[in-house]
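Participant: Pasting entry-v6.txt here (compact mmCIF, C-alpha atoms):
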# COMPACT_ATOMS: atom_id res chain seq x y z
CA MET A 21 15.00 -15.93 11.35
CA SER A 22 11.65 -16.87 12.80
CA SER A 23 9.88 -19.76 11.21
CA ALA A 24 6.53 -18.18 11.93
CA ALA A 25 4.77 -17.40 8.69
CA ALA A 26 4.88 -13.70 7.96
CA PRO A 27 1.66 -12.20 6.66
CA VAL A 28 1.83 -12.40 2.90
CA GLU A 29 0.58 -9.36 1.04
CA ARG A 30 -1.67 -10.61 -1.69
CA ARG A 31 -1.23 -8.80 -4.99
CA VAL A 32 -4.54 -7.64 -6.34
CA ALA A 33 -4.67 -7.55 -10.13
CA ARG A 34 -6.13 -4.34 -11.49
CA PRO A 35 -8.92 -4.61 -14.04
CA ASN A 36 -8.35 -3.29 -17.54
CA GLY A 37 -10.78 -0.41 -16.93
CA TRP A 38 -8.44 0.80 -14.20
CA TRP A 39 -5.43 0.49 -16.52
CA GLY A 40 -7.31 2.40 -19.20
CA MET A 41 -7.96 5.19 -16.73
CA ALA A 42 -4.29 5.08 -15.68
CA VAL A 43 -3.22 5.65 -19.29
CA PHE A 44 -5.77 8.46 -19.66
CA VAL A 45 -4.58 10.07 -16.41
CA ALA A 46 -0.99 9.85 -17.71
CA THR A 47 -1.95 11.80 -20.83
CA GLU A 48 -3.78 14.38 -18.75
CA ALA A 49 -0.81 14.69 -16.42
CA THR A 50 1.35 15.34 -19.49
CA LEU A 51 -1.06 18.05 -20.62
CA PHE A 52 -0.89 19.79 -17.25
CA GLY A 53 2.87 19.24 -17.10
CA THR A 54 3.28 21.16 -20.35
CA LEU A 55 0.88 23.89 -19.20
CA ILE A 56 2.71 24.33 -15.89
CA GLY A 57 6.07 24.20 -17.69
CA SER A 58 4.80 26.95 -20.02
CA TYR A 59 3.64 28.98 -17.02
CA PHE A 60 7.07 28.98 -15.39
CA TYR A 61 8.86 29.47 -18.71
CA LEU A 62 6.83 32.64 -19.24
CA ARG A 63 7.24 33.68 -15.64
CA PHE A 64 11.03 33.39 -15.67
CA HIS A 65 11.18 35.55 -18.79
CA ALA A 66 8.94 38.27 -17.36
CA VAL A 67 10.21 41.21 -15.37
CA GLU A 68 6.89 41.65 -13.59
CA TRP A 69 4.59 38.74 -12.73
CA PRO A 70 1.69 39.33 -12.90
CA PRO A 71 2.33 42.20 -15.32
CA ALA A 72 1.40 45.79 -14.50
CA GLY A 73 -2.34 46.39 -14.53
CA VAL A 74 -3.22 42.78 -13.68
CA PRO A 75 -4.19 42.18 -10.04
CA LYS A 76 -2.41 39.50 -8.01
CA PRO A 77 -4.56 36.40 -7.41
CA HIS A 78 -6.55 36.21 -4.18
CA LEU A 79 -5.22 33.74 -1.63
CA THR A 80 -8.03 32.76 0.71
CA LEU A 81 -10.95 31.76 -1.48
CA PRO A 82 -9.01 29.55 -3.95
CA LEU A 83 -7.35 27.74 -1.03
CA VAL A 84 -10.65 27.15 0.76
CA LEU A 85 -12.32 25.94 -2.46
CA THR A 86 -9.43 23.59 -3.18
CA GLY A 87 -9.63 22.19 0.35
CA VAL A 88 -13.35 21.55 -0.13
CA LEU A 89 -12.73 19.86 -3.48
CA VAL A 90 -10.01 17.63 -2.06
CA LEU A 91 -12.39 16.50 0.70
CA THR A 92 -14.71 15.03 -1.94
CA SER A 93 -12.20 12.19 -2.23
CA LEU A 94 -13.72 10.84 1.01
CA PRO A 95 -17.32 10.33 -0.18
CA VAL A 96 -16.05 8.96 -3.50
CA SER A 97 -13.88 6.45 -1.64
CA PHE A 98 -16.85 5.60 0.59
CA ALA A 99 -19.07 5.13 -2.49
CA LEU A 100 -16.56 2.71 -3.96
CA SER A 101 -16.28 0.64 -0.80
CA SER A 102 -20.08 0.62 -0.45
CA ALA A 103 -20.52 -0.51 -4.05
CA ARG A 104 -18.03 -3.34 -3.41
CA ARG A 105 -20.35 -4.50 -0.62
CA SER A 106 -23.38 -4.08 -2.92
CA ARG A 107 -24.77 -1.30 -0.75
CA VAL A 108 -26.21 0.59 -3.66
CA GLY A 109 -28.13 3.24 -1.70
CA ARG A 110 -25.08 4.27 0.32
CA ALA A 111 -22.90 4.33 -2.76
CA GLN A 112 -25.38 6.54 -4.61
CA ALA A 113 -25.79 8.88 -1.62
CA ALA A 114 -22.02 9.27 -1.25
CA LEU A 115 -21.62 9.92 -4.97
CA LEU A 116 -24.44 12.45 -4.85
CA LEU A 117 -22.76 14.24 -1.93
CA ALA A 118 -19.47 14.38 -3.84
CA LEU A 119 -21.27 15.56 -6.96
CA LEU A 120 -23.09 18.36 -5.14
CA VAL A 121 -19.93 19.62 -3.46
CA GLN A 122 -18.00 19.48 -6.74
CA ALA A 123 -20.83 21.25 -8.56
CA GLY A 124 -20.75 23.97 -5.88
CA TYR A 125 -16.98 24.23 -6.27
CA LEU A 126 -17.34 24.48 -10.02
CA GLY A 127 -20.05 27.14 -9.72
CA MET A 128 -17.88 29.28 -7.43
CA GLN A 129 -14.82 28.80 -9.62
CA LEU A 130 -16.75 29.74 -12.75
CA HIS A 131 -17.99 32.87 -10.98
CA LEU A 132 -14.37 33.80 -10.13
CA TYR A 133 -13.26 32.91 -13.66
CA LEU A 134 -15.87 35.16 -15.27
CA HIS A 135 -15.07 37.92 -12.80
CA ASP A 136 -11.37 37.71 -13.74
CA LEU A 137 -12.30 37.78 -17.43
CA HIS A 138 -13.99 41.13 -16.85
CA VAL A 139 -10.89 42.49 -15.11
CA PHE A 140 -8.22 41.28 -17.58
CA SER A 141 -8.40 39.50 -20.91
CA PRO A 142 -6.41 36.40 -21.97
CA ARG A 143 -5.50 38.34 -25.13
CA ASP A 144 -3.72 41.10 -23.21
CA THR A 145 -0.68 39.38 -21.70
CA ALA A 146 1.13 36.04 -21.61
CA TYR A 147 0.29 35.83 -17.90
CA ALA A 148 -3.43 36.19 -18.56
CA SER A 149 -3.24 33.69 -21.41
CA ILE A 150 -1.62 30.91 -19.38
CA TYR A 151 -3.64 31.80 -16.25
CA PHE A 152 -6.99 31.32 -17.98
CA THR A 153 -5.81 28.27 -19.93
CA LEU A 154 -4.54 26.48 -16.83
CA LEU A 155 -7.59 27.25 -14.71
CA GLY A 156 -10.02 26.56 -17.55
CA ALA A 157 -8.41 23.19 -18.26
CA HIS A 158 -8.75 22.18 -14.62
CA HIS A 159 -12.36 23.33 -14.41
CA LEU A 160 -13.16 21.17 -17.44
CA HIS A 161 -11.62 18.19 -15.65
CA VAL A 162 -13.79 18.81 -12.59
CA LEU A 163 -16.81 19.01 -14.88
CA LEU A 164 -15.89 15.63 -16.39
CA ALA A 165 -15.64 14.15 -12.89
CA VAL A 166 -19.11 15.51 -12.07
CA LEU A 167 -20.54 13.99 -15.26
CA LEU A 168 -18.94 10.62 -14.55
CA GLU A 169 -20.38 10.59 -11.04
CA ALA A 170 -23.82 11.56 -12.33
CA TRP A 171 -23.62 8.70 -14.82
CA PHE A 172 -22.76 6.20 -12.10
CA ILE A 173 -25.49 7.45 -9.78
CA LEU A 174 -27.93 6.58 -12.56
CA ARG A 175 -26.26 3.29 -13.53
CA LEU A 176 -26.10 2.01 -9.95
CA ALA A 177 -29.87 2.41 -9.68
CA SER A 178 -30.23 -0.92 -11.47
CA GLY A 179 -27.70 -2.66 -9.26
CA VAL A 180 -23.97 -3.29 -8.98
CA THR A 181 -22.36 -5.45 -11.64
CA ARG A 182 -18.69 -6.31 -12.08
CA TYR A 183 -18.58 -4.00 -15.10
CA ARG A 184 -20.05 -1.04 -13.20
CA LEU A 185 -17.78 -1.66 -10.25
CA VAL A 186 -14.73 -1.43 -12.50
CA GLY A 187 -16.15 1.75 -14.00
CA LEU A 188 -16.70 3.23 -10.55
CA GLN A 189 -13.16 2.24 -9.56
CA ALA A 190 -11.81 4.03 -12.63
CA THR A 191 -14.00 7.07 -11.88
CA ALA A 192 -12.71 7.20 -8.30
CA PHE A 193 -9.15 7.09 -9.64
CA TYR A 194 -9.98 10.00 -11.92
CA VAL A 195 -11.53 12.03 -9.08
CA TYR A 196 -8.43 11.50 -6.91
CA PHE A 197 -6.28 12.65 -9.81
CA VAL A 198 -8.39 15.78 -10.39
CA ASN A 199 -8.20 16.59 -6.67
CA VAL A 200 -4.42 16.23 -6.56
CA LEU A 201 -4.26 18.33 -9.70
CA ALA A 202 -6.33 21.02 -7.96
CA ILE A 203 -3.62 21.35 -5.30
CA VAL A 204 -0.92 21.66 -7.95
CA VAL A 205 -2.89 24.16 -10.05
CA VAL A 206 -3.83 26.36 -7.11
CA GLY A 207 -0.19 26.26 -5.99
CA VAL A 208 0.94 27.46 -9.40
CA GLN A 209 -1.83 30.06 -9.52
CA LEU A 210 -0.99 31.43 -6.07
CA SER A 211 2.76 31.45 -6.71
CA ALA A 212 2.12 34.73 -8.51
CA ALA A 213 0.87 36.23 -5.26
CA ALA A 214 4.15 35.52 -3.46
CA MET B 299 5.03 -20.98 -27.58
CA ARG B 300 4.92 -18.15 -25.06
CA ARG B 301 8.06 -16.34 -23.89
CA SER B 302 9.07 -16.21 -20.24
CA ASP B 303 6.59 -14.31 -18.12
CA SER B 304 9.01 -11.70 -16.81
CA PHE B 305 10.34 -11.00 -20.31
CA VAL B 306 6.84 -10.46 -21.68
CA GLU B 307 6.08 -8.21 -18.71
CA LEU B 308 9.19 -6.17 -19.51
CA LEU B 309 8.24 -6.00 -23.20
CA GLN B 310 4.74 -4.86 -22.33
CA TRP B 311 5.91 -1.96 -20.17
CA PHE B 312 8.66 -1.03 -22.62
CA GLY B 313 6.11 -1.05 -25.43
CA LEU B 314 3.69 1.12 -23.46
CA LEU B 315 6.09 3.66 -21.97
CA ALA B 316 9.27 3.87 -24.05
CA ALA B 317 7.95 5.91 -26.99
CA GLY B 318 6.28 8.46 -24.72
CA LEU B 319 9.43 8.82 -22.66
CA ALA B 320 11.53 9.14 -25.84
CA TRP B 321 9.23 11.93 -27.04
CA THR B 322 9.49 13.66 -23.64
CA ALA B 323 13.28 13.31 -23.67
CA GLN B 324 13.45 14.74 -27.19
CA LEU B 325 11.41 17.76 -26.12
CA VAL B 326 13.28 18.41 -22.88
CA LEU B 327 16.78 17.79 -24.28
CA GLY B 328 15.93 19.74 -27.43
CA PHE B 329 14.82 22.64 -25.28
CA GLY B 330 18.06 22.42 -23.31
CA VAL B 331 20.13 22.34 -26.49
CA SER B 332 18.31 25.40 -27.86
CA ILE B 333 18.88 27.29 -24.62
CA ALA B 334 22.57 26.28 -24.62
CA ALA B 335 23.03 27.33 -28.25
CA CYS B 336 21.16 30.59 -28.08
CA SER B 337 22.02 31.97 -24.62
CA ALA B 338 24.78 34.55 -24.43
CA GLY B 339 26.66 32.69 -21.70
CA SER B 340 26.85 29.36 -23.50
CA ALA B 341 27.01 30.51 -27.13
CA ARG B 342 30.80 29.96 -27.16
CA TRP B 343 30.29 26.24 -26.49
CA GLY B 344 29.51 25.84 -30.18
CA VAL B 345 26.42 23.71 -29.69
CA ASN B 346 24.83 23.01 -33.08
CA VAL B 347 21.06 22.83 -32.74
CA HIS B 348 20.51 21.08 -36.08
CA THR B 349 23.05 18.34 -35.37
CA TRP B 350 21.49 17.69 -31.99
CA ALA B 351 18.01 17.75 -33.53
CA ILE B 352 19.04 15.02 -35.99
CA VAL B 353 20.61 12.90 -33.23
CA LEU B 354 17.65 13.28 -30.87
CA THR B 355 15.11 12.64 -33.63
CA ALA B 356 16.93 9.54 -34.87
CA ALA B 357 17.31 8.16 -31.33
CA GLY B 358 13.71 8.97 -30.41
CA ALA B 359 12.28 7.50 -33.61
CA THR B 360 14.34 4.34 -33.16
CA ILE B 361 13.09 3.89 -29.60
CA ALA B 362 9.51 4.49 -30.75
CA LEU B 363 9.87 1.82 -33.45
CA LEU B 364 11.40 -0.62 -30.95
CA ALA B 365 8.50 0.09 -28.59
CA GLU B 366 6.07 -0.59 -31.43
CA ALA B 367 7.82 -3.88 -32.14
CA ALA B 368 7.62 -4.80 -28.45
CA ALA B 369 3.91 -3.94 -28.35
CA VAL B 370 3.21 -6.04 -31.45
CA THR B 371 5.15 -8.96 -29.93
CA VAL B 372 3.15 -8.78 -26.71
CA PHE B 373 -0.08 -8.47 -28.69
CA LEU B 374 0.74 -11.60 -30.68
CA ASP B 375 1.65 -13.47 -27.49
CA ALA B 376 -1.57 -12.38 -25.80
CA ARG B 377 -3.90 -12.79 -28.76
CA GLU B 378 -5.38 -16.00 -27.35
CA THR B 379 -6.68 -14.02 -24.38
CA ASP B 380 -9.54 -11.59 -24.74
CA GLU B 381 -8.78 -8.03 -23.62
CA TYR B 382 -11.44 -8.51 -20.95
CA GLY B 383 -9.76 -11.74 -19.91
CA PRO B 384 -8.11 -12.37 -16.57
CA PRO B 385 -4.80 -10.70 -15.71
CA PRO B 386 -1.98 -10.68 -16.52
CA TRP B 387 -2.73 -11.71 -20.14
CA GLY B 388 -5.94 -9.71 -20.37
CA ARG B 389 -4.09 -6.63 -19.18
CA ARG B 390 -1.18 -7.31 -21.55
CA HIS B 391 -3.55 -7.66 -24.48
CA PHE B 392 -5.33 -4.41 -23.57
CA LEU B 393 -2.19 -2.35 -22.96
CA ALA B 394 -0.49 -3.79 -26.06
CA VAL B 395 -3.37 -2.54 -28.22
CA ALA B 396 -3.14 0.90 -26.56
CA ALA B 397 0.64 0.91 -27.06
CA MET B 398 0.42 -0.08 -30.73
CA VAL B 399 -1.78 2.94 -31.44
CA GLY B 400 0.05 5.35 -29.11
CA ASN B 401 3.51 4.44 -30.38
CA LEU B 402 2.59 5.36 -33.94
CA LEU B 403 1.39 8.75 -32.72
CA PHE B 404 4.58 9.25 -30.72
CA PHE B 405 6.67 8.19 -33.72
CA VAL B 406 4.99 10.82 -35.91
CA ALA B 407 5.26 13.43 -33.12
CA ILE B 408 9.00 12.77 -32.80
CA LEU B 409 9.51 13.08 -36.56
CA LEU B 410 7.44 16.27 -36.78
CA ASN B 411 9.34 17.72 -33.84
CA GLY B 412 12.64 17.04 -35.61
CA VAL B 413 11.41 18.39 -38.96
CA GLY B 414 10.11 21.51 -37.20
CA VAL B 415 13.48 22.23 -35.60
CA LEU B 416 15.41 21.54 -38.82
CA SER B 417 13.18 23.74 -40.97
CA HIS B 418 13.58 26.79 -38.73
CA SER B 419 16.60 28.99 -38.23
CA SER B 420 18.29 28.64 -34.85
CA CYS B 421 18.13 31.40 -32.24
CA VAL B 422 15.44 33.40 -34.06
CA GLN B 423 12.04 33.94 -32.49
CA SER B 424 9.34 32.49 -34.73
Would you write out, as structure tokens, the structure that this file holds?
Facilitator:
Amino acid sequence: MSSAAAPVERRVARPNGWWGMAVFVATEATLFGTLIGSYFYLRFHAVEWPPAGVPKPHLTLPLVLTGVLVLTSLPVSFALSSARRSRVGRAQAALLLALLVQAGYLGMQLHLYLHDLHVFSPRDTAYASIYFTLLGAHHLHVLLAVLLEAWFILRLASGVTRYRLVGLQATAFYVYFVNVLAIVVVGVQLSAAA
Amino acid sequence: MRRSDSFVELLQWFGLLAAGLAWTAQLVLGFGVSIAACSAGSARWGVNVHTWAIVLTAAGATIALLAEAAAVTVFLDARETDEYGPPPWGRRHFLAVAAMVGNLLFFVAILLNGVGVLSHSSCVQS
């Protein structure tokens, strides 16, 4: 065995704000786990899925929108690394970019959601009920991410403090989670088109 | 006097996660038991939903109480450190507080789950 010192990976202790977000994300993951479990429970008991009279979900637009949403992880990550270097302007600009893209995503998704509501009602079938619940829950999570980013754009205007940096770190964690969730939700949604 | 570091670390994670996992296990196993008891193919196995509900509820509630005890122990060990204090004691303090609250909720959820199953007839759609 070589006596040369191997590079030692230094363990970085997470701040409590990050742990708090981790616990919150765990509860949200449980919520979506139960929703997705319910979706497949209903699906496996249904002869037709989606039921007769309900159109199959579109493939292209939801996939493109999800891809765009997932890409917002990059500016959020950039904002966090900029804030760590006290580059407030860059951090704010990156957060603003992420916020605008997410707001655009949310606007398009709400348009599709309302369009679907005009075509079939959540009261009509179990499919429609779980479809709108699952999508609506995810849209609310994207909205929360947008609000958190807006808050930090404002807060960073008066400089980066340790407290704000931890908050931004927790927000970034949340955005990554929402983006991963988007892939899972769109996968579940589009499984009905298969 | 503080306990060994690795033991406290173990207690902290047990206190934080065990009750939630017990609740999840109760739900998933309870669902499996219901399916086994009420499906045509497995009805002859003689699975008794109520017996299983009592066993799962008792086991889950016990684990939740043990998790609560672990969380309280960690909280008492970490009480000298502020929850905003440096890790690992700051983190232990913070997560122990979260666990103490969460475990009580999980304990009640496990009990209500068991009571719900016991107060309904098996294999009948509600």
Participant: Ranking A:Asn36, A:Thr80, A:Ser141, A:Thr86 by minimum distance to A:His159 and counting all atoms listed in the file, which one comes first?
Facilitator: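 When distances to A:His159 are compared using all atoms listed in the file, the smallest one comes from A:Thr86.
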Participant: Env of stretch 172-183 of chain A: 9 Å cut, atoms = all atoms listed in the file, seq-sep filter 3 positions within chain, self excluded. Answer as a count of residues only.
Facilitator: 19
Participant: Give the residues of chain B that lie within 9 Å of chain A; count all atoms listed in the file, and format the answer as JSON, numbers by chain.
Facilitator: {"B": [381, 382, 383, 384, 385, 386, 388, 389, 392, 393, 396]}
Participant: Got a sec: who's within 9 Å of stretch 407-419 of chain B, counting only C-alpha atoms, leaving out chain neighbours fewer than 5 positions off, as a list in words?
Facilitator: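 Once the nearby chain positions are removed, what remains is Ala320, Trp321, Gln324, Leu325, Gly328, Val347, His348, Thr349, Ala351, Ile352, Leu354, Thr355, Ala356, Gly358, Ala359, Ala362, Leu402 and Ser424 of chain B.
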Participant: For A:Leu164, list every protein, DNA or RNA residue within 12 Å, evaluated using all atoms listed in the file, and leave out those in the same chain fewer than 5 positions away; present the list as a PDB file with C-alpha atoms, in the frame of the given file.
Facilitator:
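Output below, filename around-v1.pdb:
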ATOM      1  CA  LEU A 119     -21.270  15.560  -6.960  1.00  0.00           C
ATOM      2  CA  GLN A 122     -18.000  19.480  -6.740  1.00  0.00           C
ATOM      3  CA  ALA A 123     -20.830  21.250  -8.560  1.00  0.00           C
ATOM      4  CA  LEU A 126     -17.340  24.480 -10.020  1.00  0.00           C
ATOM      5  CA  ALA A 157      -8.410  23.190 -18.260  1.00  0.00           C
ATOM      6  CA  HIS A 158      -8.750  22.180 -14.620  1.00  0.00           C
ATOM      7  CA  HIS A 159     -12.360  23.330 -14.410  1.00  0.00           C
ATOM      8  CA  GLU A 169     -20.380  10.590 -11.040  1.00  0.00           C
ATOM      9  CA  ALA A 170     -23.820  11.560 -12.330  1.00  0.00           C
ATOM     10  CA  TRP A 171     -23.620   8.700 -14.820  1.00  0.00           C
ATOM     11  CA  THR A 191     -14.000   7.070 -11.880  1.00  0.00           C
ATOM     12  CA  TYR A 194      -9.980  10.000 -11.920  1.00  0.00           C
ATOM     13  CA  VAL A 195     -11.530  12.030  -9.080  1.00  0.00           C
ATOM     14  CA  VAL A 198      -8.390  15.780 -10.390  1.00  0.00           C
TER      15      VAL A 198
END
Participant: Please provide the set of residues having any atom within 12 Å of stretch 143-146 of chain A, restricted to all atoms listed in the file, with same-chain residues fewer than 3 positions apart removed, written as a list of chain:residue names.
Facilitator: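 In the requested form, the answer reads A:Ser58, A:Tyr59, A:Phe60, A:Tyr61, A:Leu62, A:Arg63, A:Phe64, A:His65, A:Ala66, A:Glu68, A:Trp69, A:Pro70, A:Pro71, A:Ala72, A:Gly73, A:Val74, A:Leu137, A:Val139, A:Phe140, A:Ser149, A:Ile150, A:Tyr151, A:Phe152, A:Thr153.
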Participant: Save the residues we just selected, C-alpha atoms, as a CSV table (one decimal), in the frame of the given file?
Facilitator:
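Writing the result to again_2.csv gives the following:
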chain,number,residue,atom,x,y,z
A,58,SER,CA,4.8,27.0,-20.0
A,59,TYR,CA,3.6,29.0,-17.0
A,60,PHE,CA,7.1,29.0,-15.4
A,61,TYR,CA,8.9,29.5,-18.7
A,62,LEU,CA,6.8,32.6,-19.2
A,63,ARG,CA,7.2,33.7,-15.6
A,64,PHE,CA,11.0,33.4,-15.7
A,65,HIS,CA,11.2,35.6,-18.8
A,66,ALA,CA,8.9,38.3,-17.4
A,68,GLU,CA,6.9,41.6,-13.6
A,69,TRP,CA,4.6,38.7,-12.7
A,70,PRO,CA,1.7,39.3,-12.9
A,71,PRO,CA,2.3,42.2,-15.3
A,72,ALA,CA,1.4,45.8,-14.5
A,73,GLY,CA,-2.3,46.4,-14.5
A,74,VAL,CA,-3.2,42.8,-13.7
A,137,LEU,CA,-12.3,37.8,-17.4
A,139,VAL,CA,-10.9,42.5,-15.1
A,140,PHE,CA,-8.2,41.3,-17.6
A,149,SER,CA,-3.2,33.7,-21.4
A,150,ILE,CA,-1.6,30.9,-19.4
A,151,TYR,CA,-3.6,31.8,-16.2
A,152,PHE,CA,-7.0,31.3,-18.0
A,153,THR,CA,-5.8,28.3,-19.9
Participant: What's around A:Arg110 at 10 Å? Count all atoms listed in the file, leave out sequence neighbours fewer than 6 positions away in its own chain, and write the answer as a count of residues only.
Facilitator: 8
Participant: What does the distance between atom CA of B:Glu307 and atom CA of B:Glu366 come to in Å, to one decimal place?
Facilitator: 14.8 Å
Participant: Under the rule that all atoms listed in the file are counted, which of A:Leu89, A:Ala212, A:Ala42, A:Val200 is the nearest residue to A:Val166?
Facilitator: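 Answer, going by the shortest atom-to-atom distance: A:Leu89.
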Participant: Separation of atom CA of A:Ile56 and atom CA of B:Leu363, in Å?
Facilitator: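 Those two atoms sit 29.4 Å apart.
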Participant: Rounded to one decimal in Å, what is the spacing between atom CA of B:Phe329 and atom CA of B:Trp350?
Facilitator: 10.7 Å
Participant: Here is a test: counting only C-alpha atoms, which residue of A:Pro77, A:Gly87, A:Gly53, A:Gly156 is nearest to A:Ala213?
Facilitator: A:Pro77
Participant: Using all atoms listed in the file, which of A:Met41, A:Val67, A:Leu154, A:Leu160 sits nearest A:Val206?
Facilitator: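 With all atoms listed in the file as the atom set, the closest residue is A:Leu154.
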